[in-house]
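What follows is final-v2.pdb (PDB, C-alpha atoms).
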ATOM      1  CA  MET A  11     -14.791 -51.370  49.261
ATOM      2  CA  THR A  12     -16.547 -49.685  52.193
ATOM      3  CA  LEU A  13     -17.620 -46.057  52.481
ATOM      4  CA  SER A  14     -14.740 -45.354  54.852
ATOM      5  CA  ASP A  15     -12.318 -46.524  52.185
ATOM      6  CA  VAL A  16     -13.356 -43.711  49.864
ATOM      7  CA  GLU A  17     -13.807 -40.826  52.297
ATOM      8  CA  SER A  18     -11.209 -38.081  52.201
ATOM      9  CA  PRO A  19      -8.433 -38.038  54.816
ATOM     10  CA  GLY A  20      -9.581 -36.683  58.160
ATOM     11  CA  GLY A  21     -13.199 -37.817  57.861
ATOM     12  CA  ASP A  22     -15.703 -35.093  58.722
ATOM     13  CA  ALA A  23     -15.329 -31.344  58.303
ATOM     14  CA  THR A  24     -14.163 -30.748  61.873
ATOM     15  CA  SER A  25     -11.200 -33.104  61.543
ATOM     16  CA  LEU A  26      -9.880 -32.512  58.036
ATOM     17  CA  ALA A  27      -6.299 -33.779  57.937
ATOM     18  CA  PRO A  28      -3.443 -31.270  57.601
ATOM     19  CA  GLY A  29      -1.984 -31.083  54.123
ATOM     20  CA  LEU A  30      -2.355 -29.725  50.609
ATOM     21  CA  TYR A  31      -5.659 -30.294  48.793
ATOM     22  CA  LEU A  32      -5.736 -29.989  45.002
ATOM     23  CA  VAL A  33      -9.401 -29.255  44.392
ATOM     24  CA  ALA A  34     -11.134 -29.480  41.017
ATOM     25  CA  THR A  35     -13.705 -26.763  40.333
ATOM     26  CA  PRO A  36     -16.438 -26.572  37.657
ATOM     27  CA  ILE A  37     -15.370 -25.797  34.095
ATOM     28  CA  GLY A  38     -18.708 -24.148  33.364
ATOM     29  CA  ASN A  39     -21.718 -25.700  35.020
ATOM     30  CA  LEU A  40     -21.688 -24.995  38.774
ATOM     31  CA  GLU A  41     -23.550 -28.245  39.409
ATOM     32  CA  ASP A  42     -20.328 -30.096  38.569
ATOM     33  CA  ILE A  43     -18.752 -29.200  41.933
ATOM     34  CA  THR A  44     -18.513 -32.302  44.139
ATOM     35  CA  LEU A  45     -19.792 -32.651  47.675
ATOM     36  CA  ARG A  46     -16.275 -33.470  48.794
ATOM     37  CA  ALA A  47     -14.859 -30.359  47.109
ATOM     38  CA  LEU A  48     -17.395 -28.188  48.932
ATOM     39  CA  ARG A  49     -16.543 -29.809  52.270
ATOM     40  CA  VAL A  50     -12.818 -29.339  51.741
ATOM     41  CA  LEU A  51     -13.176 -25.708  50.639
ATOM     42  CA  ARG A  52     -15.253 -24.972  53.754
ATOM     43  CA  SER A  53     -12.838 -26.756  56.073
ATOM     44  CA  VAL A  54      -9.356 -25.687  54.986
ATOM     45  CA  ASP A  55      -7.536 -22.755  56.586
ATOM     46  CA  ARG A  56      -6.883 -21.029  53.282
ATOM     47  CA  ILE A  57      -7.614 -21.363  49.563
ATOM     48  CA  ALA A  58      -4.872 -20.520  47.059
ATOM     49  CA  CYS A  59      -6.530 -19.294  43.852
ATOM     50  CA  GLU A  60      -5.388 -18.666  40.306
ATOM     51  CA  ASP A  61      -7.672 -15.606  40.383
ATOM     52  CA  THR A  62      -9.174 -14.673  43.744
ATOM     53  CA  ARG A  63     -11.982 -12.724  42.077
ATOM     54  CA  GLN A  64     -13.044 -15.688  39.982
ATOM     55  CA  THR A  65     -12.905 -18.098  42.908
ATOM     56  CA  GLN A  66     -14.798 -15.684  45.131
ATOM     57  CA  LYS A  67     -17.801 -15.946  42.800
ATOM     58  CA  LEU A  68     -17.804 -19.710  43.322
ATOM     59  CA  LEU A  69     -17.394 -19.393  47.088
ATOM     60  CA  ASN A  70     -20.157 -16.797  47.334
ATOM     61  CA  HIS A  71     -22.517 -19.006  45.349
ATOM     62  CA  PHE A  72     -22.075 -21.852  47.818
ATOM     63  CA  GLY A  73     -21.852 -19.683  50.937
ATOM     64  CA  ILE A  74     -18.209 -20.498  51.713
ATOM     65  CA  ALA A  75     -16.341 -17.928  53.829
ATOM     66  CA  THR A  76     -12.810 -19.414  53.772
ATOM     67  CA  SER A  77     -10.074 -16.813  53.216
ATOM     68  CA  THR A  78      -8.281 -16.759  49.868
ATOM     69  CA  VAL A  79      -4.819 -15.868  48.607
ATOM     70  CA  SER A  80      -3.563 -15.463  45.032
ATOM     71  CA  TYR A  81      -1.511 -18.247  43.488
ATOM     72  CA  HIS A  82      -0.891 -17.770  39.759
ATOM     73  CA  MET A  83       1.818 -18.121  37.117
ATOM     74  CA  HIS A  84       3.446 -14.803  38.045
ATOM     75  CA  ASN A  85       3.908 -15.537  41.756
ATOM     76  CA  GLU A  86       3.850 -19.329  41.699
ATOM     77  CA  ARG A  87       7.361 -19.910  43.026
ATOM     78  CA  SER A  88       7.420 -17.323  45.823
ATOM     79  CA  ARG A  89       3.879 -18.094  46.970
ATOM     80  CA  ALA A  90       4.608 -21.832  46.933
ATOM     81  CA  GLU A  91       7.457 -21.286  49.396
ATOM     82  CA  GLU A  92       5.171 -19.288  51.674
ATOM     83  CA  LEU A  93       2.394 -21.886  51.548
ATOM     84  CA  VAL A  94       4.730 -24.829  52.109
ATOM     85  CA  THR A  95       6.059 -23.112  55.237
ATOM     86  CA  ALA A  96       2.484 -22.971  56.538
ATOM     87  CA  LEU A  97       1.863 -26.571  55.519
ATOM     88  CA  ARG A  98       4.922 -27.720  57.471
ATOM     89  CA  GLU A  99       3.359 -26.112  60.539
ATOM     90  CA  GLY A 100       0.192 -28.196  60.104
ATOM     91  CA  ALA A 101      -1.973 -25.963  57.935
ATOM     92  CA  ARG A 102      -4.704 -27.263  55.654
ATOM     93  CA  ILE A 103      -4.532 -25.462  52.317
ATOM     94  CA  ALA A 104      -6.574 -25.953  49.151
ATOM     95  CA  VAL A 105      -5.356 -25.000  45.685
ATOM     96  CA  VAL A 106      -7.857 -24.219  42.934
ATOM     97  CA  SER A 107      -7.578 -22.926  39.378
ATOM     98  CA  ASP A 108     -10.215 -20.770  37.703
ATOM     99  CA  ALA A 109     -11.781 -23.930  36.305
ATOM    100  CA  GLY A 110     -10.940 -27.609  36.235
ATOM    101  CA  MET A 111      -8.016 -29.468  37.769
ATOM    102  CA  PRO A 112      -5.103 -27.523  39.295
ATOM    103  CA  GLY A 113      -1.810 -28.328  37.554
ATOM    104  CA  ILE A 114      -3.419 -29.235  34.215
ATOM    105  CA  ALA A 115      -2.371 -26.275  32.040
ATOM    106  CA  ASP A 116      -2.861 -24.192  35.211
ATOM    107  CA  PRO A 117      -0.837 -23.492  38.383
ATOM    108  CA  GLY A 118      -0.652 -26.311  40.911
ATOM    109  CA  ALA A 119       2.106 -28.713  39.929
ATOM    110  CA  GLU A 120       4.908 -26.648  41.468
ATOM    111  CA  ILE A 121       3.390 -26.389  44.922
ATOM    112  CA  ALA A 122       2.460 -30.089  44.832
ATOM    113  CA  SER A 123       6.105 -30.983  44.135
ATOM    114  CA  ALA A 124       7.336 -28.601  46.832
ATOM    115  CA  ALA A 125       4.906 -30.004  49.396
ATOM    116  CA  ILE A 126       5.913 -33.582  48.608
ATOM    117  CA  ALA A 127       9.590 -32.666  48.919
ATOM    118  CA  ALA A 128       8.825 -31.126  52.307
ATOM    119  CA  GLY A 129       7.123 -34.301  53.510
ATOM    120  CA  VAL A 130       3.631 -32.772  53.431
ATOM    121  CA  SER A 131       0.620 -34.904  52.502
ATOM    122  CA  VAL A 132      -0.956 -34.011  49.143
ATOM    123  CA  PHE A 133      -4.577 -34.985  48.496
ATOM    124  CA  PRO A 134      -6.272 -34.847  45.065
ATOM    125  CA  VAL A 135      -9.952 -33.876  45.140
ATOM    126  CA  PRO A 136     -11.158 -34.984  41.688
ATOM    127  CA  GLY A 137     -13.771 -33.323  39.564
ATOM    128  CA  ALA A 138     -14.404 -31.631  36.235
ATOM    129  CA  ASN A 139     -11.697 -31.595  33.567
ATOM    130  CA  ALA A 140     -12.080 -30.136  30.072
ATOM    131  CA  ALA A 141      -9.642 -32.473  28.303
ATOM    132  CA  LEU A 142     -11.193 -35.698  29.571
ATOM    133  CA  SER A 143     -14.749 -34.416  29.200
ATOM    134  CA  ALA A 144     -14.026 -33.565  25.557
ATOM    135  CA  LEU A 145     -12.319 -36.909  24.955
ATOM    136  CA  ILE A 146     -15.174 -39.133  26.087
ATOM    137  CA  ALA A 147     -17.675 -37.253  23.893
ATOM    138  CA  SER A 148     -15.375 -36.774  20.895
ATOM    139  CA  GLY A 149     -16.073 -40.015  19.092
ATOM    140  CA  LEU A 150     -12.318 -40.631  18.901
ATOM    141  CA  SER A 151     -10.518 -43.448  20.672
ATOM    142  CA  ALA A 152     -10.156 -43.037  24.425
ATOM    143  CA  GLU A 153      -8.102 -46.217  24.835
ATOM    144  CA  GLY A 154      -4.902 -44.219  24.525
ATOM    145  CA  PHE A 155      -4.481 -40.456  24.571
ATOM    146  CA  CYS A 156      -1.845 -37.774  25.079
ATOM    147  CA  PHE A 157      -2.643 -34.369  26.576
ATOM    148  CA  ARG A 158      -0.280 -31.679  25.273
ATOM    149  CA  GLY A 159      -1.672 -28.442  26.703
ATOM    150  CA  PHE A 160      -1.791 -25.313  24.549
ATOM    151  CA  LEU A 161      -0.259 -25.194  21.073
ATOM    152  CA  PRO A 162       2.273 -22.375  20.465
ATOM    153  CA  SER A 163       0.660 -19.060  19.563
ATOM    154  CA  LYS A 164       2.887 -18.336  16.538
ATOM    155  CA  SER A 165       2.115 -20.214  13.334
ATOM    156  CA  GLY A 166       5.701 -21.238  12.560
ATOM    157  CA  GLU A 167       6.248 -22.654  16.039
ATOM    158  CA  ARG A 168       2.816 -24.262  15.986
ATOM    159  CA  ARG A 169       3.523 -26.049  12.705
ATOM    160  CA  SER A 170       6.873 -27.263  13.992
ATOM    161  CA  ALA A 171       5.186 -28.596  17.127
ATOM    162  CA  LEU A 172       2.511 -30.344  15.062
ATOM    163  CA  GLU A 173       5.132 -31.847  12.756
ATOM    164  CA  SER A 174       6.956 -33.257  15.784
ATOM    165  CA  VAL A 175       3.702 -34.707  17.091
ATOM    166  CA  ARG A 176       2.975 -36.284  13.716
ATOM    167  CA  THR A 177       6.429 -37.849  13.580
ATOM    168  CA  GLU A 178       5.837 -39.373  17.013
ATOM    169  CA  MET A 179       2.431 -40.669  15.942
ATOM    170  CA  LEU A 180       3.837 -42.336  12.814
ATOM    171  CA  ALA A 181       6.294 -44.256  14.983
ATOM    172  CA  ILE A 182       3.417 -45.881  16.899
ATOM    173  CA  PRO A 183       1.827 -49.059  15.474
ATOM    174  CA  ALA A 184      -1.646 -48.431  14.039
ATOM    175  CA  GLU A 185      -3.257 -50.722  16.603
ATOM    176  CA  ALA A 186      -1.842 -48.563  19.408
ATOM    177  CA  ALA A 187      -2.897 -45.196  17.955
ATOM    178  CA  VAL A 188      -3.125 -42.407  20.540
ATOM    179  CA  THR A 189      -5.629 -39.526  20.393
ATOM    180  CA  GLN A 190      -3.892 -36.158  20.759
ATOM    181  CA  ILE A 191      -5.517 -33.503  22.976
ATOM    182  CA  PHE A 192      -4.758 -29.772  22.933
ATOM    183  CA  TYR A 193      -6.276 -26.661  24.475
ATOM    184  CA  GLU A 194      -6.852 -23.730  22.105
ATOM    185  CA  THR A 195      -8.129 -20.180  22.313
ATOM    186  CA  PRO A 196     -11.046 -18.815  20.247
ATOM    187  CA  HIS A 197      -9.076 -16.023  18.578
ATOM    188  CA  ARG A 198      -6.543 -18.377  16.996
ATOM    189  CA  VAL A 199      -8.438 -21.657  16.607
ATOM    190  CA  VAL A 200      -9.104 -21.175  12.859
ATOM    191  CA  ASP A 201      -5.403 -20.562  12.195
ATOM    192  CA  ALA A 202      -4.514 -23.568  14.345
ATOM    193  CA  LEU A 203      -6.864 -25.755  12.320
ATOM    194  CA  ALA A 204      -5.256 -24.488   9.111
ATOM    195  CA  ASP A 205      -1.883 -25.622  10.461
ATOM    196  CA  VAL A 206      -3.306 -29.020  11.456
ATOM    197  CA  GLU A 207      -4.671 -29.358   7.929
ATOM    198  CA  ALA A 208      -1.303 -28.454   6.408
ATOM    199  CA  VAL A 209       0.596 -30.953   8.563
ATOM    200  CA  PHE A 210      -1.870 -33.860   8.822
ATOM    201  CA  GLY A 211      -3.852 -33.448   5.610
ATOM    202  CA  GLU A 212      -7.319 -32.065   4.945
ATOM    203  CA  SER A 213      -9.093 -35.367   5.662
ATOM    204  CA  HIS A 214      -7.553 -36.016   9.072
ATOM    205  CA  ARG A 215     -10.299 -36.720  11.613
ATOM    206  CA  ILE A 216     -10.628 -34.311  14.514
ATOM    207  CA  ALA A 217     -13.097 -33.175  17.142
ATOM    208  CA  LEU A 218     -13.374 -29.663  18.504
ATOM    209  CA  ALA A 219     -15.208 -29.136  21.790
ATOM    210  CA  ARG A 220     -16.386 -25.639  22.685
ATOM    211  CA  GLU A 221     -17.964 -24.280  25.872
ATOM    212  CA  ILE A 222     -18.020 -27.703  27.555
ATOM    213  CA  THR A 223     -20.784 -28.037  30.209
ATOM    214  CA  LYS A 224     -22.051 -24.520  29.456
ATOM    215  CA  LEU A 225     -25.304 -23.374  27.844
ATOM    216  CA  HIS A 226     -23.821 -23.202  24.333
ATOM    217  CA  GLU A 227     -21.765 -26.414  24.515
ATOM    218  CA  GLU A 228     -20.845 -27.602  21.027
ATOM    219  CA  PHE A 229     -18.905 -30.422  19.407
ATOM    220  CA  LEU A 230     -17.686 -30.208  15.813
ATOM    221  CA  ARG A 231     -16.512 -33.557  14.478
ATOM    222  CA  GLY A 232     -15.163 -34.657  11.105
ATOM    223  CA  ALA A 233     -12.362 -33.871   8.665
ATOM    224  CA  VAL A 234     -10.183 -30.970   9.787
ATOM    225  CA  SER A 235     -10.913 -29.081   6.548
ATOM    226  CA  GLU A 236     -14.678 -29.307   7.188
ATOM    227  CA  VAL A 237     -14.392 -28.096  10.780
ATOM    228  CA  ARG A 238     -12.073 -25.251   9.778
ATOM    229  CA  GLU A 239     -14.408 -24.109   6.997
ATOM    230  CA  ALA A 240     -17.420 -24.222   9.337
ATOM    231  CA  LEU A 241     -15.705 -22.020  11.928
ATOM    232  CA  ALA A 242     -14.228 -19.644   9.333
ATOM    233  CA  LYS A 243     -17.753 -18.792   8.138
ATOM    234  CA  ARG A 244     -18.801 -17.528  11.572
ATOM    235  CA  GLU A 245     -18.637 -13.854  12.419
ATOM    236  CA  SER A 246     -17.011 -14.690  15.740
ATOM    237  CA  VAL A 247     -15.899 -17.726  17.692
ATOM    238  CA  ARG A 248     -16.190 -17.713  21.462
ATOM    239  CA  GLY A 249     -15.385 -19.983  24.351
ATOM    240  CA  GLU A 250     -12.421 -22.069  25.436
ATOM    241  CA  MET A 251     -11.661 -24.933  23.060
ATOM    242  CA  VAL A 252     -10.414 -28.482  23.302
ATOM    243  CA  LEU A 253      -8.933 -29.770  20.057
ATOM    244  CA  LEU A 254      -8.594 -33.533  19.591
ATOM    245  CA  LEU A 255      -6.764 -35.241  16.732
ATOM    246  CA  SER A 256      -7.332 -38.838  15.737
ATOM    247  CA  GLY A 257      -4.305 -41.022  16.386
ATOM    248  CA  GLU A 258      -4.700 -42.672  12.982
ATOM    249  CA  VAL A 259      -2.225 -40.937  10.683
ATOM    250  CA  ALA A 260      -2.012 -41.452   6.925
ATOM    251  CA  GLU A 261       1.512 -41.583   5.520
ATOM    252  CA  SER A 262       2.415 -39.305   2.647
ATOM    253  CA  ALA A 263       3.732 -40.834  -0.536
ATOM    254  CA  GLY A 264       7.225 -39.717   0.389
ATOM    255  CA  GLU A 265       7.044 -41.249   3.871
ATOM    256  CA  ALA A 266       5.746 -44.530   2.558
ATOM    257  CA  ALA A 267       8.419 -44.598  -0.111
ATOM    258  CA  ALA A 268      11.147 -43.883   2.412
ATOM    259  CA  LYS A 269      10.566 -47.357   3.839
ATOM    260  CA  GLY A 270      11.213 -48.984   0.477
ATOM    261  CA  SER A 271      14.108 -48.989  -1.963
ATOM    262  CA  VAL A 272      15.757 -45.897  -3.392
ATOM    263  CA  ALA A 273      14.151 -46.625  -6.746
ATOM    264  CA  ASP A 274      10.699 -46.868  -5.144
ATOM    265  CA  ALA A 275      11.273 -43.581  -3.311
ATOM    266  CA  VAL A 276      12.346 -41.749  -6.467
ATOM    267  CA  LEU A 277       9.409 -43.081  -8.471
ATOM    268  CA  ALA A 278       6.950 -42.151  -5.718
ATOM    269  CA  LEU A 279       8.214 -38.569  -5.579
ATOM    270  CA  MET A 280       8.098 -38.223  -9.342
ATOM    271  CA  LYS A 281       4.539 -39.538  -9.432
ATOM    272  CA  ALA A 282       3.055 -37.979  -6.278
ATOM    273  CA  ASP A 283       4.892 -34.646  -6.162
ATOM    274  CA  GLY A 284       5.509 -34.144  -9.860
ATOM    275  CA  LEU A 285       9.290 -33.855  -9.430
ATOM    276  CA  ASP A 286      11.613 -34.503 -12.334
ATOM    277  CA  GLU A 287      14.242 -37.227 -11.985
ATOM    278  CA  LYS A 288      17.024 -34.866 -10.902
ATOM    279  CA  ASP A 289      15.008 -33.190  -8.137
ATOM    280  CA  ALA A 290      13.608 -36.510  -6.910
ATOM    281  CA  LEU A 291      17.136 -37.931  -6.649
ATOM    282  CA  LYS A 292      18.269 -34.854  -4.677
ATOM    283  CA  ARG A 293      15.407 -35.117  -2.212
ATOM    284  CA  VAL A 294      15.923 -38.845  -1.631
ATOM    285  CA  ALA A 295      19.625 -38.223  -1.031
ATOM    286  CA  ARG A 296      18.834 -35.482   1.473
ATOM    287  CA  GLU A 297      16.099 -37.395   3.307
ATOM    288  CA  ARG A 298      18.171 -40.565   3.601
ATOM    289  CA  GLY A 299      21.495 -38.900   4.305
ATOM    290  CA  MET A 300      23.105 -40.487   1.252
ATOM    291  CA  GLY A 301      25.497 -39.105  -1.329
ATOM    292  CA  LYS A 302      24.025 -38.064  -4.673
ATOM    293  CA  SER A 303      26.214 -40.483  -6.637
ATOM    294  CA  GLU A 304      25.232 -43.355  -4.325
ATOM    295  CA  VAL A 305      21.540 -42.587  -4.768
ATOM    296  CA  TYR A 306      22.007 -42.364  -8.545
ATOM    297  CA  ARG A 307      23.690 -45.811  -8.643
ATOM    298  CA  GLU A 308      20.860 -47.339  -6.561
ATOM    299  CA  TRP A 309      18.335 -45.693  -8.867
ATOM    300  CA  GLN A 310      19.997 -47.131 -11.963
ATOM    301  CA  ARG A 311      20.173 -50.628 -10.413
ATOM    302  CA  GLY A 312      16.517 -50.460  -9.519
ATOM    303  CA  ARG A 313      15.501 -49.417 -13.015
ATOM    304  CA  ARG A 314      17.353 -52.384 -14.571
ATOM    305  CA  ARG A 315      15.454 -54.925 -12.456
TER     306      ARG A 315
END
Please go through the file and, once you have read it, give me the structure as structure tokens.
Amino acid sequence: MTLSDVESPGGDATSLAPGLYLVATPIGNLEDITLRALRVLRSVDRIACEDTRQTQKLLNHFGIATSTVSYHMHNERSRAEELVTALREGARIAVVSDAGMPGIADPGAEIASAAIAAGVSVFPVPGANAALSALIASGLSAEGFCFRGFLPSKSGERRSALESVRTEMLAIPAEAAVTQIFYETPHRVVDALADVEAVFGESHRIALAREITKLHEEFLRGAVSEVREALAKRESVRGEMVLLLSGEVAESAGEAAAKGSVADAVLALMKADGLDEKDALKRVARERGMGKSEVYREWQRGRRR
């Protein structure tokens, strides 16, 4: 591969190709901006920003005078139409979020789709990303991973989402386990960890990355119960979080039993959950979609063996 193979479209700053540029910006440390990102931001006709005030700080720091326009979740659709019209006419427009990669839990995907549909060239300008930065330093497997964005803010919805994730993870062979990646906010991270503990068990391995690339960068790794207890003891928790869950999931006694015979399932529930025979039979019937009398007959056959 030659240098020309890896240069951005259009070559130097005076001949930047028309099109949409999705530009990654630092997630904390300003030194993480790339030389290419700086060149593109200086050369485009306009920069569409999640927050113009936040982006202006970055531009001022690097002496970039390109004009900006707001592009956020509340005006994403209408502004995308306006920008695509300009792109069709040959404009060069960059899209940036407050930090990281546009379109990853931030505005950017909609205008990229609209530009592609309009036949406009779309160029990624790679750089810092919180999810991937957390993953490679987490100590968890990076061979396979799934980024899921932010967990729901309400506990009931969050638990339901986590239960769905766990069900998906159990369906994957152990050798193909996939690390799960979420973004989380400081004011609800302790509650989120409590829900992870309730759904996955207190010993499930996790990593929590806080303030990535910043002065107070921190990684907490270990059993979810240990990480939750450590954070709960603090007077306050600050900084954006990346929460990573190990893809290795331990089956509960009931789940393991569900793969065996009815008799095995009933015995497992009686032993592990302390249910009496009647309640264990009811639960097995419900979980397997069987009639109570059918489950009872299978239970009696199994006991005679």
Neighbour list for A:Ile191 as a VMD selection string, cut-off 7 Å, all atoms listed in the file, skip fewer than 6 positions in-chain: chain A and resid 141 156 to 158 253 to 255
Could you expand the PyMOL selection byres ((chain A and resi 237) around 12) into the explicit residues it covers here, written as JSON, numbers by chain? {"A": [199, 200, 201, 202, 203, 204, 206, 207, 212, 213, 214, 215, 216, 217, 218, 219, 229, 230, 231, 232, 233, 234, 235, 236, 238, 239, 240, 241, 242, 243, 244, 253, 254]}
Given the PyMOL selection byres ((chain A and resi 172) around 12), the residues it picks as an mmCIF file with C-alpha atoms, in the coordinates of the input:
data_model
loop_
_atom_site.group_PDB
_atom_site.id
_atom_site.type_symbol
_atom_site.label_atom_id
_atom_site.label_comp_id
_atom_site.auth_asym_id
_atom_site.auth_seq_id
_atom_site.Cartn_x
_atom_site.Cartn_y
_atom_site.Cartn_z
ATOM 1 C CA ARG A 158 -0.280 -31.679 25.273
ATOM 2 C CA PHE A 160 -1.791 -25.313 24.549
ATOM 3 C CA LEU A 161 -0.259 -25.194 21.073
ATOM 4 C CA PRO A 162 2.273 -22.375 20.465
ATOM 5 C CA SER A 165 2.115 -20.214 13.334
ATOM 6 C CA GLY A 166 5.701 -21.238 12.560
ATOM 7 C CA GLU A 167 6.248 -22.654 16.039
ATOM 8 C CA ARG A 168 2.816 -24.262 15.986
ATOM 9 C CA ARG A 169 3.523 -26.049 12.705
ATOM 10 C CA SER A 170 6.873 -27.263 13.992
ATOM 11 C CA ALA A 171 5.186 -28.596 17.127
ATOM 12 C CA GLU A 173 5.132 -31.847 12.756
ATOM 13 C CA SER A 174 6.956 -33.257 15.784
ATOM 14 C CA VAL A 175 3.702 -34.707 17.091
ATOM 15 C CA ARG A 176 2.975 -36.284 13.716
ATOM 16 C CA THR A 177 6.429 -37.849 13.580
ATOM 17 C CA GLU A 178 5.837 -39.373 17.013
ATOM 18 C CA MET A 179 2.431 -40.669 15.942
ATOM 19 C CA GLN A 190 -3.892 -36.158 20.759
ATOM 20 C CA ILE A 191 -5.517 -33.503 22.976
ATOM 21 C CA PHE A 192 -4.758 -29.772 22.933
ATOM 22 C CA ALA A 202 -4.514 -23.568 14.345
ATOM 23 C CA LEU A 203 -6.864 -25.755 12.320
ATOM 24 C CA ALA A 204 -5.256 -24.488 9.111
ATOM 25 C CA ASP A 205 -1.883 -25.622 10.461
ATOM 26 C CA VAL A 206 -3.306 -29.020 11.456
ATOM 27 C CA GLU A 207 -4.671 -29.358 7.929
ATOM 28 C CA ALA A 208 -1.303 -28.454 6.408
ATOM 29 C CA VAL A 209 0.596 -30.953 8.563
ATOM 30 C CA PHE A 210 -1.870 -33.860 8.822
ATOM 31 C CA GLY A 211 -3.852 -33.448 5.610
ATOM 32 C CA LEU A 255 -6.764 -35.241 16.732
#
Care to translate the PyMOL selection byres ((chain A and resi 74-86) around 9) into actual residues of this file, as a PyMOL selection string? chain A and resi 48+51-62+65-66+68-73+87-91+105-107+116-118+120-121
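The coordinates place atom CA of A:Ile37 at 13.2 Å from atom CA of A:Ala115.
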Pairwise distance, atom CA of A:Ser163 with atom CA of A:Gly113, equals 20.4 Å
What does the distance from atom CA of A:Ser271 to atom CA of A:Val188 come to in Å, to one decimal?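 One can read the atom CA of A:Ser271 to atom CA of A:Val188 distance as 29.1 Å.
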From the set A:Ile222, A:Ala119, A:Leu26, A:Ala144, which residue has the shortest atom-to-atom contact distance to A:Glu250, counting all atoms listed in the file?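 Among A:Ile222, A:Ala119, A:Leu26, A:Ala144, it is A:Ile222 that comes nearest to A:Glu250.
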Closest of A:Pro134, A:Ser246, A:Asp274, A:Gly284 to A:Val305 - atom-to-atom distances counting only C-alpha atoms: A:Asp274
